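Here is the file run25.cif (mmCIF, C-alpha atoms and all ligand atoms).
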data_run
#
loop_
_atom_site.label_atom_id
_atom_site.label_comp_id
_atom_site.auth_asym_id
_atom_site.auth_seq_id
_atom_site.Cartn_x
_atom_site.Cartn_y
_atom_site.Cartn_z
CA MET A 1 7.77 -10.36 -23.83
CA ASN A 2 4.45 -8.91 -22.78
CA GLN A 3 4.53 -5.23 -21.86
CA ARG A 4 3.09 -5.86 -18.40
CA VAL A 5 6.14 -7.91 -17.45
CA VAL A 6 8.46 -5.32 -19.01
CA LYS A 7 6.83 -2.60 -16.88
CA LEU A 8 6.96 -4.71 -13.73
CA ARG A 9 10.69 -5.30 -14.22
CA LYS A 10 11.25 -1.53 -14.11
CA VAL A 11 9.32 -1.39 -10.83
CA LEU A 12 11.38 -4.26 -9.43
CA ASP A 13 14.56 -2.41 -10.37
CA LYS A 14 13.35 0.70 -8.57
CA HIS A 15 12.76 -1.35 -5.42
CA ASN A 16 16.05 -3.25 -5.72
CA LEU A 17 14.18 -6.53 -6.03
CA ASP A 18 15.59 -9.42 -8.04
CA ALA A 19 12.22 -11.13 -8.36
CA LEU A 20 8.56 -10.95 -7.46
CA LEU A 21 6.45 -13.90 -6.41
CA ALA A 22 2.89 -12.87 -7.36
CA TYR A 23 0.23 -14.32 -5.07
CA SER A 24 -2.96 -12.44 -5.91
CA PRO A 25 -5.00 -14.38 -8.49
CA TYR A 26 -5.83 -11.07 -10.20
CA ASN A 27 -2.17 -10.06 -10.37
CA ARG A 28 -1.29 -13.52 -11.63
CA ARG A 29 -3.86 -13.20 -14.40
CA TYR A 30 -2.80 -9.65 -15.21
CA LEU A 31 0.87 -10.54 -15.61
CA SER A 32 0.50 -13.90 -17.33
CA TYR A 33 -2.97 -13.84 -18.99
CA PHE A 34 -3.61 -17.21 -17.30
CA THR A 35 -7.33 -17.63 -16.59
CA GLY A 36 -7.19 -20.79 -14.48
CA THR A 37 -7.31 -21.01 -10.73
CA ALA A 38 -3.95 -22.45 -9.68
CA GLY A 39 -0.44 -21.31 -10.41
CA TYR A 40 2.42 -19.13 -9.21
CA VAL A 41 4.00 -16.36 -11.21
CA VAL A 42 7.66 -15.60 -10.64
CA ILE A 43 9.07 -12.61 -12.49
CA THR A 44 12.84 -12.25 -12.42
CA LYS A 45 15.18 -9.93 -14.31
CA GLN A 46 15.75 -12.51 -17.03
CA ASP A 47 12.72 -14.75 -16.98
CA ALA A 48 8.99 -14.91 -16.39
CA VAL A 49 8.02 -18.30 -15.01
CA PHE A 50 4.59 -19.84 -14.54
CA ILE A 51 4.65 -22.66 -12.02
CA THR A 52 1.60 -24.89 -11.95
CA ASP A 53 0.39 -28.47 -11.69
CA PHE A 54 -0.47 -31.15 -14.24
CA ARG A 55 -4.05 -29.87 -14.71
CA TYR A 56 -2.97 -26.50 -16.03
CA VAL A 57 0.30 -27.08 -17.90
CA GLU A 58 -1.26 -27.16 -21.38
CA GLN A 59 -3.55 -24.20 -20.66
CA ALA A 60 -0.60 -22.19 -19.35
CA LYS A 61 1.42 -23.01 -22.50
CA GLN A 62 -1.40 -21.57 -24.60
CA GLN A 63 -2.17 -18.51 -22.50
CA CYS A 64 1.10 -17.38 -20.90
CA GLN A 65 2.99 -16.09 -23.93
CA GLY A 66 6.69 -15.53 -23.26
CA PHE A 67 6.59 -17.43 -19.95
CA SER A 68 8.54 -20.57 -19.09
CA ILE A 69 5.99 -23.12 -17.88
CA VAL A 70 7.10 -25.42 -15.06
CA ASN A 71 5.15 -28.34 -13.57
CA HIS A 72 5.90 -28.36 -9.84
CA GLU A 73 4.76 -32.00 -9.44
CA GLY A 74 3.55 -31.32 -5.92
CA LYS A 75 6.73 -29.58 -4.77
CA VAL A 76 5.62 -25.98 -5.14
CA PHE A 77 8.18 -24.08 -3.12
CA GLU A 78 11.08 -26.37 -3.91
CA THR A 79 10.32 -25.49 -7.54
CA VAL A 80 10.05 -21.76 -6.73
CA ALA A 81 13.42 -21.99 -4.94
CA GLU A 82 15.03 -23.72 -7.95
CA VAL A 83 13.69 -21.06 -10.32
CA LEU A 84 14.97 -18.25 -8.08
CA LYS A 85 18.37 -19.88 -7.73
CA LYS A 86 18.70 -20.47 -11.46
CA ASN A 87 17.98 -16.76 -11.97
CA GLN A 88 20.46 -15.73 -9.28
CA ALA A 89 17.72 -13.91 -7.41
CA VAL A 90 18.53 -12.98 -3.83
CA ASN A 91 16.09 -10.23 -2.83
CA VAL A 92 12.64 -11.69 -3.51
CA GLY A 93 9.45 -9.67 -3.17
CA PHE A 94 6.21 -11.27 -2.03
CA GLU A 95 2.78 -9.62 -1.97
CA GLN A 96 2.21 -9.03 1.72
CA ASN A 97 -1.46 -8.10 1.28
CA HIS A 98 -2.27 -11.40 -0.42
CA VAL A 99 -0.34 -13.94 1.65
CA THR A 100 -1.87 -15.54 4.73
CA TYR A 101 0.20 -15.93 7.87
CA GLY A 102 0.37 -19.67 7.19
CA GLU A 103 1.61 -19.10 3.65
CA TYR A 104 4.17 -16.63 4.95
CA GLN A 105 5.51 -19.20 7.38
CA THR A 106 5.83 -21.68 4.51
CA LEU A 107 7.74 -19.09 2.47
CA VAL A 108 10.12 -18.41 5.37
CA GLU A 109 10.77 -22.11 5.80
CA LYS A 110 11.06 -23.15 2.14
CA LEU A 111 12.87 -20.07 0.84
CA ALA A 112 15.29 -19.85 3.75
CA GLY A 113 18.28 -18.97 1.55
CA PHE A 114 16.65 -15.83 0.07
CA THR A 115 15.83 -12.39 1.44
CA LEU A 116 12.03 -12.16 1.56
CA THR A 117 10.84 -8.58 1.12
CA PRO A 118 7.18 -7.67 1.66
CA THR A 119 5.75 -5.59 -1.19
CA SER A 120 2.50 -3.64 -1.56
CA ASN A 121 0.56 -2.75 -4.70
CA LEU A 122 3.44 -3.15 -7.18
CA VAL A 123 1.22 -4.89 -9.73
CA GLU A 124 -1.94 -3.07 -8.63
CA GLU A 125 -0.30 0.25 -9.55
CA LEU A 126 0.34 -1.03 -13.06
CA ARG A 127 -3.25 -2.27 -13.24
CA MET A 128 -4.54 1.27 -12.66
CA PHE A 129 -3.69 2.07 -16.29
CA LYS A 130 -5.80 0.02 -18.66
CA ASP A 131 -4.46 -0.81 -22.11
CA GLU A 132 -6.68 -0.70 -25.20
CA GLU A 133 -7.50 -4.41 -24.94
CA GLU A 134 -8.62 -4.03 -21.33
CA LEU A 135 -10.69 -0.96 -22.20
CA GLN A 136 -12.51 -2.92 -24.91
CA LEU A 137 -13.37 -5.69 -22.46
CA ILE A 138 -14.64 -3.23 -19.82
CA ARG A 139 -16.70 -1.37 -22.44
CA HIS A 140 -18.23 -4.68 -23.47
CA ALA A 141 -18.98 -5.61 -19.84
CA ALA A 142 -20.74 -2.23 -19.52
CA LYS A 143 -22.74 -2.84 -22.70
CA ILE A 144 -23.92 -6.20 -21.39
CA ALA A 145 -25.08 -4.47 -18.19
CA ASP A 146 -26.88 -1.75 -20.18
CA ASP A 147 -28.64 -4.27 -22.44
CA ALA A 148 -29.67 -6.46 -19.52
CA PHE A 149 -31.07 -3.44 -17.67
CA ALA A 150 -33.07 -2.36 -20.74
CA HIS A 151 -34.64 -5.82 -20.80
CA LEU A 152 -35.34 -5.68 -17.07
CA LEU A 153 -37.34 -2.47 -17.40
CA THR A 154 -39.73 -4.21 -19.81
CA TRP A 155 -39.99 -7.30 -17.61
CA ILE A 156 -40.24 -6.15 -13.98
CA LYS A 157 -43.72 -5.98 -12.38
CA PRO A 158 -45.11 -5.33 -8.91
CA GLY A 159 -45.56 -8.60 -7.02
CA MET A 160 -42.13 -9.99 -7.94
CA THR A 161 -39.55 -10.49 -5.22
CA GLU A 162 -36.19 -8.74 -5.26
CA ILE A 163 -34.53 -12.15 -5.65
CA GLU A 164 -36.58 -12.89 -8.78
CA VAL A 165 -35.40 -9.56 -10.21
CA LYS A 166 -31.77 -10.33 -9.39
CA ASN A 167 -32.03 -13.78 -11.00
CA GLU A 168 -33.57 -12.39 -14.21
CA LEU A 169 -30.93 -9.68 -14.46
CA GLU A 170 -28.02 -12.04 -13.84
CA PHE A 171 -29.38 -14.69 -16.23
CA THR A 172 -29.91 -12.04 -18.92
CA MET A 173 -26.31 -10.88 -18.54
CA ARG A 174 -25.16 -14.48 -18.96
CA LYS A 175 -27.31 -14.89 -22.07
CA LEU A 176 -25.65 -11.75 -23.42
CA GLY A 177 -22.19 -13.30 -23.00
CA ALA A 178 -21.20 -12.55 -19.41
CA SER A 179 -19.44 -15.32 -17.50
CA GLY A 180 -21.22 -14.14 -14.36
CA ALA A 181 -22.21 -11.17 -12.24
CA SER A 182 -19.43 -8.87 -11.01
CA PHE A 183 -20.73 -9.21 -7.43
CA ASP A 184 -23.89 -10.23 -5.58
CA THR A 185 -26.50 -8.05 -7.32
CA ILE A 186 -28.11 -5.41 -5.12
CA VAL A 187 -31.87 -5.03 -5.47
CA ALA A 188 -33.21 -2.75 -2.74
CA SER A 189 -36.84 -1.67 -3.01
CA GLY A 190 -39.15 0.54 -0.95
CA LEU A 191 -37.72 1.35 2.47
CA ARG A 192 -34.90 -1.12 1.77
CA SER A 193 -33.58 1.31 -0.87
CA ALA A 194 -32.15 3.24 2.09
CA LEU A 195 -29.66 0.35 2.50
CA PRO A 196 -26.71 1.32 0.28
CA HIS A 197 -25.74 -2.34 -0.14
CA GLY A 198 -29.06 -4.14 0.30
CA VAL A 199 -28.54 -7.42 -1.55
CA ALA A 200 -31.72 -8.84 -3.07
CA SER A 201 -34.12 -10.24 -0.49
CA LYS A 202 -37.49 -12.02 -0.42
CA LYS A 203 -39.24 -8.66 -0.21
CA VAL A 204 -42.04 -8.28 -2.73
CA ILE A 205 -41.88 -5.18 -4.94
CA GLU A 206 -44.94 -2.99 -4.50
CA LYS A 207 -46.45 -0.05 -6.35
CA GLY A 208 -44.91 3.19 -5.09
CA ASP A 209 -41.49 1.56 -4.41
CA MET A 210 -38.25 3.19 -5.41
CA ILE A 211 -35.88 0.39 -6.53
CA THR A 212 -32.10 0.61 -6.56
CA ILE A 213 -30.32 -2.03 -8.62
CA ASP A 214 -26.53 -2.19 -8.45
CA PHE A 215 -25.09 -4.83 -10.76
CA GLY A 216 -22.45 -5.64 -13.32
CA ALA A 217 -21.21 -8.22 -15.78
CA ILE A 218 -17.92 -10.09 -15.94
CA TYR A 219 -16.69 -10.29 -19.51
CA GLU A 220 -13.43 -12.16 -20.14
CA GLY A 221 -12.37 -11.40 -16.58
CA TYR A 222 -13.17 -7.67 -16.65
CA ILE A 223 -16.14 -6.18 -14.85
CA SER A 224 -18.68 -3.39 -15.10
CA ASP A 225 -20.36 -1.78 -12.08
CA VAL A 226 -23.63 0.05 -12.71
CA THR A 227 -26.43 1.40 -10.52
CA ARG A 228 -29.80 2.70 -11.54
CA THR A 229 -32.74 3.71 -9.34
CA PHE A 230 -36.27 3.84 -10.72
CA ALA A 231 -39.82 3.74 -9.42
CA ILE A 232 -42.75 1.43 -9.91
CA GLY A 233 -45.78 3.66 -9.40
CA GLU A 234 -45.54 7.19 -8.01
CA PRO A 235 -42.69 7.35 -5.46
CA GLY A 236 -43.82 10.61 -3.81
CA GLU A 237 -42.42 14.09 -3.50
CA GLU A 238 -39.46 13.54 -1.15
CA LEU A 239 -37.99 10.66 -3.16
CA ARG A 240 -38.47 12.60 -6.38
CA LYS A 241 -36.54 15.48 -4.81
CA ILE A 242 -33.77 13.16 -3.59
CA TYR A 243 -33.59 11.56 -7.04
CA GLU A 244 -33.07 14.91 -8.70
CA ILE A 245 -30.30 15.93 -6.28
CA VAL A 246 -28.44 12.65 -6.86
CA ARG A 247 -28.92 12.99 -10.61
CA GLN A 248 -27.51 16.52 -10.60
CA ALA A 249 -24.55 15.42 -8.45
CA GLN A 250 -23.87 12.45 -10.74
CA LEU A 251 -24.18 14.55 -13.92
CA ALA A 252 -21.77 17.13 -12.48
CA GLY A 253 -19.33 14.32 -11.67
CA VAL A 254 -19.31 12.77 -15.13
CA GLU A 255 -19.22 16.22 -16.70
CA GLN A 256 -16.24 17.51 -14.73
CA ILE A 257 -14.04 14.59 -13.67
CA ARG A 258 -10.88 14.56 -15.73
CA ALA A 259 -7.16 13.86 -15.76
CA GLY A 260 -5.04 15.95 -13.40
CA MET A 261 -7.61 15.98 -10.61
CA THR A 262 -7.01 14.06 -7.40
CA GLY A 263 -9.50 11.45 -6.19
CA LYS A 264 -10.38 13.91 -3.42
CA GLU A 265 -11.19 16.70 -5.87
CA ALA A 266 -13.34 14.35 -7.94
CA ASP A 267 -15.24 13.27 -4.82
CA ALA A 268 -15.84 16.90 -3.83
CA ILE A 269 -17.66 17.65 -7.11
CA CYS A 270 -20.54 15.31 -6.25
CA ARG A 271 -20.37 15.76 -2.48
CA THR A 272 -20.66 19.56 -2.59
CA ILE A 273 -23.93 19.36 -4.51
CA ILE A 274 -25.42 16.87 -2.05
CA ASP A 275 -24.10 18.85 0.95
CA GLU A 276 -25.54 22.10 -0.35
CA ALA A 277 -28.93 20.45 -0.90
CA GLY A 278 -28.91 19.54 2.81
CA TYR A 279 -28.43 15.78 2.44
CA GLY A 280 -24.68 15.53 3.17
CA GLU A 281 -25.16 13.30 6.21
CA TYR A 282 -27.04 10.78 4.04
CA PHE A 283 -24.18 10.34 1.55
CA GLY A 284 -21.86 8.22 3.67
CA HIS A 285 -19.70 6.50 1.08
CA SER A 286 -17.12 7.67 -1.40
CA THR A 287 -18.02 8.93 -4.88
CA GLY A 288 -16.32 6.09 -6.70
CA HIS A 289 -13.47 3.67 -7.23
CA ALA A 290 -11.52 2.19 -10.08
CA ILE A 291 -12.65 -1.04 -11.72
CA GLY A 292 -10.94 -3.62 -13.89
CA LEU A 293 -10.31 -7.26 -13.11
CA GLU A 294 -11.73 -6.49 -9.65
CA VAL A 295 -14.76 -4.48 -8.60
CA HIS A 296 -12.84 -2.28 -6.20
CA GLU A 297 -9.44 -1.19 -7.46
CA GLY A 298 -7.36 1.91 -6.89
CA PRO A 299 -7.53 4.81 -7.11
CA GLY A 300 -10.61 5.65 -5.08
CA LEU A 301 -12.61 8.83 -5.56
CA SER A 302 -12.81 9.62 -1.86
CA PHE A 303 -12.03 12.49 0.49
CA ARG A 304 -8.85 10.62 1.43
CA SER A 305 -7.43 10.03 -2.04
CA GLU A 306 -4.51 12.20 -3.13
CA VAL A 307 -3.91 10.02 -6.21
CA GLU A 308 -4.04 12.00 -9.43
CA LEU A 309 -6.44 10.73 -12.09
CA GLN A 310 -4.69 9.97 -15.35
CA PRO A 311 -5.69 8.85 -18.86
CA GLY A 312 -6.36 5.11 -19.03
CA MET A 313 -7.90 4.83 -15.55
CA VAL A 314 -11.47 3.55 -15.36
CA VAL A 315 -13.52 4.71 -12.38
CA THR A 316 -17.10 4.68 -11.19
CA VAL A 317 -19.08 7.82 -10.36
CA GLU A 318 -21.77 6.81 -7.89
CA PRO A 319 -23.18 9.41 -5.53
CA GLY A 320 -26.19 8.40 -3.46
CA ILE A 321 -28.55 9.59 -0.74
CA TYR A 322 -30.03 7.12 1.75
CA VAL A 323 -32.63 8.33 4.25
CA PRO A 324 -33.72 5.72 6.79
CA GLY A 325 -37.50 5.40 6.90
CA VAL A 326 -37.85 7.12 3.52
CA GLY A 327 -35.69 5.34 0.93
CA GLY A 328 -32.63 5.93 -1.16
CA VAL A 329 -31.25 6.69 -4.58
CA ARG A 330 -27.89 5.93 -6.21
CA ILE A 331 -26.81 6.42 -9.81
CA GLU A 332 -23.54 4.85 -10.94
CA ASP A 333 -21.71 5.04 -14.25
CA ASP A 334 -18.28 3.82 -15.27
CA ILE A 335 -16.01 6.31 -17.04
CA VAL A 336 -12.64 6.11 -18.75
CA ILE A 337 -10.37 9.03 -17.91
CA THR A 338 -9.04 10.51 -21.15
CA LYS A 339 -6.62 13.30 -22.09
CA ASP A 340 -9.42 15.84 -22.44
CA GLY A 341 -12.00 14.65 -19.93
CA ASN A 342 -13.65 11.27 -19.82
CA GLU A 343 -15.62 8.75 -21.84
CA ILE A 344 -18.84 7.52 -20.25
CA ILE A 345 -19.21 3.83 -21.05
CA VAL A 346 -22.59 3.21 -19.36
CA HIS A 347 -25.57 4.49 -21.32
CA SER A 348 -28.69 3.46 -19.37
CA PRO A 349 -31.03 6.45 -18.92
CA LYS A 350 -30.66 8.69 -15.89
CA GLU A 351 -33.95 10.62 -15.94
CA LEU A 352 -36.32 9.23 -13.33
CA ILE A 353 -38.20 6.30 -14.83
CA VAL A 354 -41.62 5.63 -13.29
CA LEU A 355 -43.04 2.30 -14.47
CA ASP A 356 -46.75 1.43 -14.16
N1 LIG B 401 -21.43 -2.56 -6.23
C1 LIG B 401 -20.47 -2.09 -5.36
C2 LIG B 401 -20.10 -0.72 -5.66
O1 LIG B 401 -20.78 -0.03 -6.39
O2 LIG B 401 -19.09 -0.25 -5.25
MN MN B 402 -22.00 -0.73 -7.90
MN MN B 403 -19.16 0.87 -7.49
#
Can you present the structure in this file as structure tokens?
Ligand code: GLY
Ligand code: MN
Ligand code: MN
Amino acid sequence: MNQRVVKLRKVLDKHNLDALLAYSPYNRRYLSYFTGTAGYVVITKQDAVFITDFRYVEQAKQQCQGFSIVNHEGKVFETVAEVLKKNQAVNVGFEQNHVTYGEYQTLVEKLAGFTLTPTSNLVEELRMFKDEEELQLIRHAAKIADDAFAHLLTWIKPGMTEIEVKNELEFTMRKLGASGASFDTIVASGLRSALPHGVASKKVIEKGDMITIDFGAIYEGYISDVTRTFAIGEPGEELRKIYEIVRQAQLAGVEQIRAGMTGKEADAICRTIIDEAGYGEYFGHSTGHAIGLEVHEGPGLSFRSEVELQPGMVVTVEPGIYVPGVGGVRIEDDIVITKDGNEIIVHSPKELIVLD
């Protein structure tokens, strides 16, 4: 049986659950390795069952090693109930953060004979620790992002719109093997660079603009999340100063973040540098977050996070400064927490690049 299911069973035991009905598509994929878009995963003490429809039965047989594959033939919850009964499950967990109210009502009606117990983050907590196979996929997603960015620097010219830049970057990532972009690519130039999440617009890039590009590739389901800021033409003294502060904060973060630290302590490394430079009020988001199958996973590197960083976690380090009416800078790498420190898996340059 796959190790993910073995680990989940231990968690179920701890919570006195006889079974878990996984609803999140990411948790479904994580537990079963199924890459399609429809199916229900039921993990019980004895069995791991993948319930799906005619379209996906063969795919599930190939991908879901160690699972029993069941075609529900249109009767989804009758089938779930049969599986639970056959496994003598009574206390059944369902993922309360991934079930709509309507779906919950269906569960209550169709699984009337079982105790339905809301669960939170049972699979997500396993997903915090990436195995070697996951690390390889995330490293590759980061390499695709790096290579696409290197191409972009040779291609971008004043007069192009932010949307043209986004399209070129996303198409390049696809040509390099990505199945898509991790999220809607952010291209924020000139005064728009002060928008931390300024998705690409029709704005034309002009000489003297600072440009922040936040992007990533999906590779076999796993994502990278990278930000670089650079200038086309001289950006001016204040933005150069802001760039250097963000760069120092980011370098301190990737230098010092390591296992044993809490998310809060990691956040403080970057935040202190920006605070002390007098720009604290312009750094209004957290320092980072974990990545994996999703762009935003736990733990976060934020002032609220008491979660301890541990080897195998993959997190972003992305301080930024955004001054309305002036512009903004963010630099974001992805790092793997290791026993002795961390491994930086994004290699795009971080010195200020000023293109002609
Ligand atoms: N691109 C979203 C983020 O960096 O969190
Ligand atoms: Mn990002
Ligand atoms: Mn990020």
Show me which residues sit within 7 Å of ligand MN 402 (chain B) when counting all atoms listed in the file, and put them as a list in words.
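Sorted by chain and then by number, the residues are Asp214, Phe215, Asp225, Val226, Thr227 and Glu332 of chain A.
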Name all residues at most 9 Å from Lys85 in chain A (count all atoms listed in the file; drop same-chain ones fewer than 5 positions away) and give them as a ChimeraX atom specification.
/A:80,90,114
Got a sec to check which residues sit within 9 Å of (-19.8, 0.0, -19.4), counting all atoms listed in the file, and write them as a PyMOL selection string?
chain A and resi 138-146+216+223-226+333-335+344-347
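CA of Lys350 in chain A sits 7.5 Å away from CA of Arg228 in chain A.
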Between A:Val11, A:Ile273, A:Val70, A:Val326, which one has atoms that come closest to Glu125 in chain A, using all atoms listed in the file?
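Looking only at the distances to Glu125 in chain A, the closest residue turns out to be A:Val11.
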To one decimal place in Å, what is the distance between CA of Ala38 in chain A and CA of Asp131 in chain A?
25.0 Å
What residues of the protein or nucleic acid chains come within 12 Å of ligand MN 403 (chain B) when you use all atoms listed in the file? Reply as a short mmCIF file (atom, residue, chain, number, x, y, z; two decimals) with C-alpha atoms, keeping the file's coordinate frame.
data_model
loop_
_atom_site.label_atom_id
_atom_site.label_comp_id
_atom_site.auth_asym_id
_atom_site.auth_seq_id
_atom_site.Cartn_x
_atom_site.Cartn_y
_atom_site.Cartn_z
CA SER A 182 -19.43 -8.87 -11.01
CA PHE A 183 -20.73 -9.21 -7.43
CA THR A 185 -26.50 -8.05 -7.32
CA ILE A 186 -28.11 -5.41 -5.12
CA PRO A 196 -26.71 1.32 0.28
CA HIS A 197 -25.74 -2.34 -0.14
CA ILE A 213 -30.32 -2.03 -8.62
CA ASP A 214 -26.53 -2.19 -8.45
CA PHE A 215 -25.09 -4.83 -10.76
CA GLY A 216 -22.45 -5.64 -13.32
CA ILE A 223 -16.14 -6.18 -14.85
CA SER A 224 -18.68 -3.39 -15.10
CA ASP A 225 -20.36 -1.78 -12.08
CA VAL A 226 -23.63 0.05 -12.71
CA THR A 227 -26.43 1.40 -10.52
CA ARG A 228 -29.80 2.70 -11.54
CA HIS A 285 -19.70 6.50 1.08
CA SER A 286 -17.12 7.67 -1.40
CA THR A 287 -18.02 8.93 -4.88
CA GLY A 288 -16.32 6.09 -6.70
CA HIS A 289 -13.47 3.67 -7.23
CA ALA A 290 -11.52 2.19 -10.08
CA ILE A 291 -12.65 -1.04 -11.72
CA GLY A 292 -10.94 -3.62 -13.89
CA GLU A 294 -11.73 -6.49 -9.65
CA VAL A 295 -14.76 -4.48 -8.60
CA HIS A 296 -12.84 -2.28 -6.20
CA GLU A 297 -9.44 -1.19 -7.46
CA GLY A 298 -7.36 1.91 -6.89
CA GLY A 300 -10.61 5.65 -5.08
CA LEU A 301 -12.61 8.83 -5.56
CA VAL A 314 -11.47 3.55 -15.36
CA VAL A 315 -13.52 4.71 -12.38
CA THR A 316 -17.10 4.68 -11.19
CA VAL A 317 -19.08 7.82 -10.36
CA GLU A 318 -21.77 6.81 -7.89
CA PRO A 319 -23.18 9.41 -5.53
CA GLY A 320 -26.19 8.40 -3.46
CA ARG A 330 -27.89 5.93 -6.21
CA ILE A 331 -26.81 6.42 -9.81
CA GLU A 332 -23.54 4.85 -10.94
CA ASP A 333 -21.71 5.04 -14.25
CA ASP A 334 -18.28 3.82 -15.27
CA ILE A 335 -16.01 6.31 -17.04
#
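For the set A:Val199, A:Ala194, A:Ile245, A:Leu135, the residue with the smallest atom-to-atom gap to ligand LIG 401 (chain B) is A:Val199, counting all atoms listed in the file.
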